[in-house]
Amino acid sequence: MYTPNEKRYENMIYNRCGKSGLKLSAISLGFWKNFGYGNSFANMEEMVHTAFDLGITHFDLANNYGNPYNGSAEENFGKILDNGMRKYRDELCISTKAGYEMWEGPYGDRNGSRKYLTASLDQSLKRMGLDYVDIFYHHVFDPDTPPEETALALDNAVKQGKALYVGISNYNRKQSEEIYKIFRELKTPFIVNQPSYSMLNRWIEADGLDEWASENGIGISVFSPLYQGMLTDKYISGIPEDSRIGKGDTRIGNQLDEKMISRLKALNDIAVSRGQTLAQMALSWVLHNKSVTTVLTGASRPSQIRENVESIKKLSFSDDEISAIEKILE
């Protein structure tokens with residue numbers, strides 16, 4: 001039976017999510033990859049235990065994680081909870097999302113309708129064996145559904161006791177502003193936006209989403225902070241066969257050209273001078289943005305989680321380091 005590390009809360013940083021009362025661990029564990037059907041259950045369970053032992057309390061899922069077996073990541077997480085972690089439910093912040101294609105027919109395709117979001121959350125709770133999730137997100141902006149309908153569906157999940165807070169993901173600033181106004185009228189506990197963001201993907205800065213979130217008391221939970229694994233040292237000397245690019249399991253593989261490799265090598269040199277791996281520095285850099293509450297990190301083995309958590313020990317950057325990084329990223 002699993003017994004967690006008694007000192008798990010001593011070294012992790014916990015940031016308040018916007019102006020809400022909820023705190024999230026600076027490093028979170030995402031279940032997008034390596035937690036679905038066909039993956040090693042023993043390995044995924046060890047990763048969850050490792051994360052919790054290191055003070056990670058926020059576990060982020062979605063209805064379609066585990067693709068092509070949609071829902072399998074949530075099912076596996078439910079089994080992990082049953083294997084000894086469910087007794088620690090009140091120490092966990094569990095989030096899930098709905099918005100992308102999930103099941104056959106018009107009510108399970110990519111949308112933000114009340115019918116889809118309501119049915120999807122019920123399915124997610126059943127798969128994980130939960131009465132409620134801590135955060136329920138609309139996973140992607142839907143231009144074909146009125147934002148009032150999506151907002152009311154999320155608000156209703158809270159009123160039904162199936163979610164404590166709500167969030168949005170893959171919404172830009174303009175879209176966030178629009179639904180935020182509705183949430184304010186409804187007094188919905190809307191506390192977080194989940195965008196992609198990394199050294200190599202800085203769209204939230206150009207869009208002003210990070211600045212807007214800070215001004216309005218909304219937290220930011222970042223996904224793909226390592227740019228789907230590119231911001232690691234694994235690609236500096238070639239493409240490993242077992243990597244995501246090597247297996248063709250990423251949409252950004254064609255970006256790994258000579259110019260990108262040169263950038264990665266230069267960034268790695270700065271990381272080494274800081275006493276970090278490139279991945280650790282990339283996470284530290286994201287958390288250096290004061291608008292960011294937590295970074296959602298993926299992993300394929302426990303050692304990667306341990307490496308990622310080390311990033312919180314060096315979150316500050318000198319002016320010279322920031323200047324050198326900016327020059328590389330031009």
# chains A, B, ... in the order shown; residues from 1 in each chain; ligands from 1
$ residues_around --residues "Asp53 (chain A)" --least-positions-apart "2" --cutoff "7 Å" --atoms "only C-alpha atoms" --output "list in words"
Pro4, Asn5, Arg8, His49, Thr50, Ala51 and Gly55 of chain A
$ residues_around --residues "region 189-205 of chain A" --least-positions-apart "3" --cutoff "7 Å" --atoms "only C-alpha atoms" --output "VMD selection string"
chain A and resid 17 to 18 20 165 to 170 183 208 to 210 218 to 227 282 286
$ atom_distance --atom1 "CA of Tyr2 (chain A)" --atom2 "CA of Thr57 (chain A)"
15.9 Å
$ closest_residue --among "A:Leu29, A:Leu315, A:Ile270, A:Leu24" --to "Leu61 (chain A)" --atoms "only C-alpha atoms"
A:Leu29
$ residues_around --residues "Thr145 (chain A)" --least-positions-apart "4" --cutoff "8 Å" --atoms "only C-alpha atoms" --output "ChimeraX atom specification"
/A:111-113,149-150
